[in-house]
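Please read the structure below before turning to the comments.
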There are 2 protein chains.
Amino acid sequence: MLVRGKPHRTIWLKADGPGCVQIIDQRALPHELVIEDLHSVDDVFLAIRDMHVRGAPLIGAAAAWGVYLSIVGQADKFDLETLIEDGEYLKTARPTAVNLAWAVDRVIGRLKTAESGHLALAKLEAELICDEDEEICRRIGESGLSLISDIAQGKNGPVNILTHCNAGWLATVDWGTATSPIYHAQQQGIPLHVWVDETRPRNQGASLTAWELCEQGVDHSVIVDNAGGHLMQQGEVDLVIVGTDRTARNGDVANKIGTYLKALAAFDNKIPFYVALPSPTIDWSIDHGKQIPIEQRLGDEVSFIQGYLNNEQVNVRLTPEKSPAANPAFDVTPARLVTGLITERGVCEASEEGLLGLFPERGKHD
Amino acid sequence: MLVRGKPHRTIWLKADGPGCVQIIDQRALPHELVIEDLHSVDDVFLAIRDMHVRGAPLIGAAAAWGVYLSIVGQADKFDLETLIEDGEYLKTARPTAVNLAWAVDRVIGRLKTAESGHLALAKLEAELICDEDEEICRRIGESGLSLISDIAQGKNGPVNILTHCNAGWLATVDWGTATSPIYHAQQQGIPLHVWVDETRPRNQGASLTAWELCEQGVDHSVIVDNAGGHLMQQGEVDLVIVGTDRTARNGDVANKIGTYLKALAAFDNKIPFYVALPSPTIDWSIDHGKQIPIEQRLGDEVSFIQGYLNNEQVNVRLTPEKSPAANPAFDVTPARLVTGLITERGVCEASEEGLLGLFPERGKHD
């Protein structure tokens, strides 16, 4: 999508490379645009571990490029053992990110059987992973576009869409998941306005989604997480689209903490509530959302907040020093509150039946 | 309630006065305890306007002491005209606060007919307003106590109570409204744990409610506003108690933005949701909550946040400079989601019938 008016991905091979991969260092957003050069496996490891990049699809893409940089580092002689060591090292950058291990294994698997041309092959495979991710996100956008255009036909003025957290292109290689239908609608000339939940505690909405929409020229307003219910009561929201970290077989959806509250409000006000997801985030082995473990993160993310002061990022305290804070990072929205799931194969009901209609090959438990 | 182990009110006449009223300057909380001396009508005006004190009952009490300080300022000769002028000036400090005008008019009304002893009379009336407010809040606590003790009898471990914003003693003269049942339960030795919603955008929960509970020694955890729904799903909340700015005749409740979302989650998880209110906040002239106008405040409260850095309060930017922000300050929770109203006359159903059961003198529209 656009950055300062020019099309960008979140990760790419530097043109005058080889041997240099570039990313947007998301820690500096929304206040500064920092393009970071990654030259080594170590650079990629740190970029993933310290969240210069985040979002499962983008972490996978970064890891793939990490394997490529491992081979760049080997100079003339390809050594599979070193490559596997580097791969295992990369996998530990964020141990719970499934895409990370998947991408590392995929690129290394492609190289194992090759006798020569490993650098070119690694580059090809990393590019393929990026292209595939972009394609999945593009299709999610096409799937979701009609949900927006149908609303646009029935009203004057912009379609008001509420979103929570950042399920935007910054979490993927391009397009994003929840944002992809929005960007597709923008390309169709449909008038839009997006309510951006700030998404405490880490404020991915206020910092990342708002930045994306600014750069892309999509009309939007940042709101506190408390405001969405009231806006729905007032008829100011036509549609909710969020992303998901994991979807259970029955359509229950785990996503950033607070998603459940917005789903309740949408249901109470008869506003459609959609979840956009690439099919790899469907966990077919899990029957319902109660089986999804919820990460408890450090209370400091609640007690402190990061902001911008005098041209630098600072971390300021919000709570009394003696007050403990609790910080569950995700919640589960039951399928009964979800109007539909937007996937790369189309839109379906949030149910096992709905999902199997689009993914019949998953008909048996696996 | 307790501050550094000693009982305090939010406003009091300085012991070695006369002529000096003291308040806790709430702008410095939770990071510093600043006791401010008010010597004049101007001091009180600024304290109200610039929110050194806030909360309708406390604003009323401060205004009453403002009238007293006006007479102190007159030295020997009582001049009714000056007093009325000062009163009108005080009323403009926060034009929408009903208690402000009410308190000013009450004290001046008491003085108008007196021929002498105006200073003593003004002091008496201001003290009476404070005592009456404390008494209302104490009774709200007694009314709500059994809701907590009943839960305590049925479970092991602490009763988990969730509250939103600050309907605490800092908003009143003492006890608070939503917090009064909590403090009464603490005095009964009932084990408690309070989930404190931080309450963006102004963070009254994270700064004021958390500070109160720290000082009072009530076990608590600060959480982001997004977390409450998940905690309810997990069975971690036994009871919700919030305050209200205005209650309609049918039991619809206007309160700080985000209250509605918590009421939805409580309803969805069959958790009792109570609203504590002094009866003067019931607006008998309004049939239902849709008639309550909702204040739209400046977007800067969303785009920036106040925190503590290197021993000083700072305001840091959270959003991209080009991103607009919207900031509705209150929402309306429909009576159907409210388990009951806790008043100084007891607990009733959130309905016209319920309210008239406690306040039969309001049987006719007025």
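Quick note on naming: the chains in the structure tokens go A, B, ... in the order shown, residues restart at 1 in each chain, and ligands are numbered from 1 in order of appearance.
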
Nearby residues (only C-alpha atoms) at most 9 Å from Val222 in chain A, same-chain spacing under 5 positions excluded, as JSON, numbers by chain: {"A": [194, 195, 196, 197, 198, 205, 206, 210], "B": [299, 302, 303, 319, 323, 324, 325, 326, 327]}

Residue subset to file, keeping N, CA and C atoms, as a PDB file, in the first residue's frame:
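File out_3.pdb, as written:
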ATOM      1  N   VAL A 194     -13.447   5.288   8.516  1.00  0.00           N
ATOM      2  CA  VAL A 194     -13.094   4.189   9.416  1.00  0.00           C
ATOM      3  C   VAL A 194     -12.957   4.709  10.844  1.00  0.00           C
ATOM      4  N   TRP A 195     -13.662   4.063  11.781  1.00  0.00           N
ATOM      5  CA  TRP A 195     -13.454   4.311  13.208  1.00  0.00           C
ATOM      6  C   TRP A 195     -12.321   3.400  13.669  1.00  0.00           C
ATOM      7  N   VAL A 196     -11.251   4.005  14.127  1.00  0.00           N
ATOM      8  CA  VAL A 196     -10.070   3.242  14.519  1.00  0.00           C
ATOM      9  C   VAL A 196     -10.005   3.135  16.043  1.00  0.00           C
ATOM     10  N   ASP A 197     -10.298   1.957  16.596  1.00  0.00           N
ATOM     11  CA  ASP A 197     -10.120   1.744  18.041  1.00  0.00           C
ATOM     12  C   ASP A 197      -8.647   1.903  18.382  1.00  0.00           C
ATOM     13  N   GLU A 198      -8.311   2.674  19.402  1.00  0.00           N
ATOM     14  CA  GLU A 198      -6.886   2.865  19.695  1.00  0.00           C
ATOM     15  C   GLU A 198      -6.212   1.554  20.106  1.00  0.00           C
ATOM     16  N   GLY A 205      -3.970   0.236  17.101  1.00  0.00           N
ATOM     17  CA  GLY A 205      -4.916   0.987  16.280  1.00  0.00           C
ATOM     18  C   GLY A 205      -4.468   2.425  16.099  1.00  0.00           C
ATOM     19  N   ALA A 206      -4.212   3.099  17.222  1.00  0.00           N
ATOM     20  CA  ALA A 206      -3.843   4.521  17.195  1.00  0.00           C
ATOM     21  C   ALA A 206      -2.516   4.752  16.491  1.00  0.00           C
ATOM     22  N   ALA A 210      -4.045   3.738  12.183  1.00  0.00           N
ATOM     23  CA  ALA A 210      -4.248   5.156  11.844  1.00  0.00           C
ATOM     24  C   ALA A 210      -3.178   5.628  10.858  1.00  0.00           C
TER      25      ALA A 210
ATOM     26  N   GLY B 299     -10.866  16.152  20.645  1.00  0.00           N
ATOM     27  CA  GLY B 299     -10.133  14.974  20.211  1.00  0.00           C
ATOM     28  C   GLY B 299      -8.754  14.853  20.827  1.00  0.00           C
ATOM     29  N   VAL B 302      -7.956  12.176  23.184  1.00  0.00           N
ATOM     30  CA  VAL B 302      -7.691  10.852  22.606  1.00  0.00           C
ATOM     31  C   VAL B 302      -6.291  10.808  22.000  1.00  0.00           C
ATOM     32  N   SER B 303      -5.922  11.878  21.298  1.00  0.00           N
ATOM     33  CA  SER B 303      -4.642  11.917  20.583  1.00  0.00           C
ATOM     34  C   SER B 303      -3.447  11.997  21.531  1.00  0.00           C
ATOM     35  N   THR B 319      -1.110   9.420  18.484  1.00  0.00           N
ATOM     36  CA  THR B 319      -1.638   9.166  17.141  1.00  0.00           C
ATOM     37  C   THR B 319      -0.823   9.922  16.093  1.00  0.00           C
ATOM     38  N   SER B 323      -4.069  12.374  11.891  1.00  0.00           N
ATOM     39  CA  SER B 323      -5.265  11.586  12.200  1.00  0.00           C
ATOM     40  C   SER B 323      -6.204  12.366  13.100  1.00  0.00           C
ATOM     41  N   PRO B 324      -7.454  12.587  12.653  1.00  0.00           N
ATOM     42  CA  PRO B 324      -8.431  13.200  13.547  1.00  0.00           C
ATOM     43  C   PRO B 324      -8.853  12.189  14.622  1.00  0.00           C
ATOM     44  N   ALA B 325      -9.396  12.702  15.712  1.00  0.00           N
ATOM     45  CA  ALA B 325      -9.924  11.830  16.757  1.00  0.00           C
ATOM     46  C   ALA B 325     -11.306  12.312  17.154  1.00  0.00           C
ATOM     47  N   ALA B 326     -12.180  11.368  17.487  1.00  0.00           N
ATOM     48  CA  ALA B 326     -13.517  11.710  17.982  1.00  0.00           C
ATOM     49  C   ALA B 326     -13.589  11.301  19.442  1.00  0.00           C
ATOM     50  N   ASN B 327     -14.388  12.039  20.229  1.00  0.00           N
ATOM     51  CA  ASN B 327     -14.314  11.855  21.677  1.00  0.00           C
ATOM     52  C   ASN B 327     -15.659  12.061  22.372  1.00  0.00           C
TER      53      ASN B 327
END

Chain A contacts on chain B, only C-alpha atoms, 6 Å, as a VMD selection string: chain B and resid 30 206 to 207 221 to 223 226 to 227 230 257 to 258 261 307 to 309 316 to 320 324 to 326 331

Proximity to Pro7 in chain A - best of A:Val173, A:Leu38, A:Leu46, A:Leu298, only C-alpha atoms: A:Val173

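Taking CA of Ala75 in chain A as the reference point, CA of Val21 in chain A is found at 16.5 Å.
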
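Counting only C-alpha atoms, the residue from B:Pro158, B:Gly117, B:Gly251, B:Pro334 that sits nearest to Gly354 in chain B is B:Gly251.
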
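Rounded to one decimal, CA of Pro181 in chain A and CA of Ile129 in chain A lie 21.4 Å from each other.
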
Asp133 in chain B environment, 10 Å, only C-alpha atoms, sequence neighbours closer than 4 positions dropped, as a ChimeraX atom specification: /B:57-58,60-61,127-129,137-139,172-176,278

Picked from range 126-335 of chain A by DSSP as strand (DSSP E), as a VMD selection string: chain A and resid 159 to 163 192 to 197 220 to 223 239 to 242 246 to 248 253 to 256 273 to 276 282 to 283 304 to 309 312 to 317 330 to 333

If you keep N, CA and C atoms, can you produce a file of those selected residues as a short mmCIF file (atom, residue, chain, number, x, y, z; two decimals), in the first residue's frame?
data_model
loop_
_atom_site.label_atom_id
_atom_site.label_comp_id
_atom_site.auth_asym_id
_atom_site.auth_seq_id
_atom_site.Cartn_x
_atom_site.Cartn_y
_atom_site.Cartn_z
N VAL A 159 -19.60 4.96 4.01
CA VAL A 159 -19.83 3.75 4.81
C VAL A 159 -18.90 3.84 6.02
N ASN A 160 -19.48 3.73 7.21
CA ASN A 160 -18.69 3.80 8.44
C ASN A 160 -18.31 2.41 8.93
N ILE A 161 -17.01 2.15 8.92
CA ILE A 161 -16.51 0.83 9.30
C ILE A 161 -15.68 0.97 10.57
N LEU A 162 -15.97 0.13 11.56
CA LEU A 162 -15.15 0.14 12.78
C LEU A 162 -14.19 -1.03 12.76
N THR A 163 -12.93 -0.77 13.14
CA THR A 163 -11.98 -1.87 13.26
C THR A 163 -11.20 -1.74 14.57
N LEU A 192 -15.78 6.22 2.20
CA LEU A 192 -15.55 5.44 3.41
C LEU A 192 -15.16 6.34 4.58
N HIS A 193 -15.47 5.89 5.77
CA HIS A 193 -14.89 6.48 6.99
C HIS A 193 -14.67 5.34 7.98
N VAL A 194 -13.45 5.29 8.52
CA VAL A 194 -13.09 4.19 9.42
C VAL A 194 -12.96 4.71 10.84
N TRP A 195 -13.66 4.06 11.78
CA TRP A 195 -13.45 4.31 13.21
C TRP A 195 -12.32 3.40 13.67
N VAL A 196 -11.25 4.01 14.13
CA VAL A 196 -10.07 3.24 14.52
C VAL A 196 -10.01 3.13 16.04
N ASP A 197 -10.30 1.96 16.60
CA ASP A 197 -10.12 1.74 18.04
C ASP A 197 -8.65 1.90 18.38
N HIS A 220 -10.69 8.75 8.32
CA HIS A 220 -10.82 7.96 9.54
C HIS A 220 -10.81 8.85 10.77
N SER A 221 -11.22 8.29 11.90
CA SER A 221 -11.11 8.96 13.19
C SER A 221 -10.63 7.94 14.21
N VAL A 222 -9.65 8.34 14.99
CA VAL A 222 -9.22 7.49 16.10
C VAL A 222 -10.20 7.70 17.26
N ILE A 223 -10.57 6.60 17.92
CA ILE A 223 -11.45 6.69 19.09
C ILE A 223 -10.86 5.83 20.21
N LEU A 239 -20.71 -1.22 9.85
CA LEU A 239 -20.07 -2.52 9.66
C LEU A 239 -18.83 -2.57 10.55
N VAL A 240 -18.59 -3.73 11.15
CA VAL A 240 -17.35 -3.95 11.90
C VAL A 240 -16.55 -5.02 11.17
N ILE A 241 -15.27 -4.76 10.96
CA ILE A 241 -14.37 -5.79 10.42
C ILE A 241 -13.13 -5.84 11.30
N VAL A 242 -12.82 -7.00 11.82
CA VAL A 242 -11.60 -7.18 12.63
C VAL A 242 -10.82 -8.36 12.06
N ARG A 246 -6.50 -16.59 15.86
CA ARG A 246 -6.81 -18.00 15.71
C ARG A 246 -8.32 -18.18 15.70
N THR A 247 -8.81 -18.97 14.77
CA THR A 247 -10.23 -19.26 14.67
C THR A 247 -10.44 -20.75 14.92
N ALA A 248 -11.38 -21.08 15.81
CA ALA A 248 -11.67 -22.49 16.09
C ALA A 248 -12.58 -23.06 14.99
N VAL A 253 -13.72 -16.98 17.61
CA VAL A 253 -12.59 -16.21 17.09
C VAL A 253 -11.77 -15.60 18.24
N ALA A 254 -10.50 -15.96 18.30
CA ALA A 254 -9.60 -15.28 19.26
C ALA A 254 -8.97 -14.09 18.56
N ASN A 255 -9.04 -12.95 19.21
CA ASN A 255 -8.43 -11.75 18.65
C ASN A 255 -8.02 -10.84 19.80
N LYS A 256 -7.42 -9.72 19.45
CA LYS A 256 -6.92 -8.76 20.45
C LYS A 256 -7.98 -8.47 21.51
N PHE A 273 -21.01 -7.87 11.95
CA PHE A 273 -19.69 -7.99 12.57
C PHE A 273 -18.94 -9.10 11.84
N TYR A 274 -17.92 -8.72 11.06
CA TYR A 274 -17.19 -9.69 10.25
C TYR A 274 -15.75 -9.84 10.73
N VAL A 275 -15.22 -11.04 10.56
CA VAL A 275 -13.83 -11.32 10.89
C VAL A 275 -13.11 -11.74 9.61
N ALA A 276 -12.03 -11.03 9.28
CA ALA A 276 -11.24 -11.34 8.08
C ALA A 276 -10.06 -12.23 8.48
N ILE A 282 -6.97 -20.64 10.72
CA ILE A 282 -8.02 -21.52 11.24
C ILE A 282 -7.34 -22.72 11.89
N ASP A 283 -7.65 -22.95 13.16
CA ASP A 283 -7.08 -24.10 13.85
C ASP A 283 -8.11 -25.23 13.82
N PHE A 304 2.19 1.56 31.97
CA PHE A 304 2.92 2.56 31.19
C PHE A 304 2.31 2.64 29.78
N ILE A 305 2.58 3.74 29.10
CA ILE A 305 2.18 3.85 27.71
C ILE A 305 3.29 4.55 26.94
N GLN A 306 3.45 4.15 25.70
CA GLN A 306 4.47 4.77 24.86
C GLN A 306 3.85 5.90 24.05
N GLY A 307 4.51 7.04 24.07
CA GLY A 307 4.01 8.17 23.29
C GLY A 307 5.18 8.99 22.78
N TYR A 308 4.86 10.12 22.18
CA TYR A 308 5.85 10.95 21.50
C TYR A 308 5.91 12.29 22.20
N LEU A 309 7.11 12.68 22.60
CA LEU A 309 7.29 13.93 23.33
C LEU A 309 8.58 14.57 22.86
N GLU A 312 10.80 12.59 20.53
CA GLU A 312 11.28 11.24 20.84
C GLU A 312 10.20 10.40 21.49
N GLN A 313 10.37 9.07 21.32
CA GLN A 313 9.45 8.14 21.94
C GLN A 313 9.79 8.04 23.42
N VAL A 314 8.76 8.13 24.26
CA VAL A 314 8.98 7.97 25.69
C VAL A 314 7.92 7.03 26.25
N ASN A 315 8.23 6.48 27.40
CA ASN A 315 7.34 5.57 28.11
C ASN A 315 6.92 6.26 29.39
N VAL A 316 5.64 6.58 29.53
CA VAL A 316 5.22 7.33 30.72
C VAL A 316 4.34 6.45 31.60
N ARG A 317 4.43 6.69 32.91
CA ARG A 317 3.63 5.92 33.87
C ARG A 317 2.22 6.49 33.97
N PHE A 330 -5.64 -11.32 24.74
CA PHE A 330 -6.63 -11.69 23.73
C PHE A 330 -7.94 -12.05 24.40
N ASP A 331 -9.01 -12.04 23.64
CA ASP A 331 -10.24 -12.63 24.13
C ASP A 331 -10.87 -13.45 23.02
N VAL A 332 -11.89 -14.20 23.37
CA VAL A 332 -12.55 -15.07 22.39
C VAL A 332 -13.96 -14.56 22.16
N THR A 333 -14.27 -14.28 20.91
CA THR A 333 -15.62 -13.88 20.54
C THR A 333 -16.37 -15.12 20.07
#

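Across the model, the gap from CA of Thr339 in chain A to CA of Pro272 in chain A is 5.7 Å.
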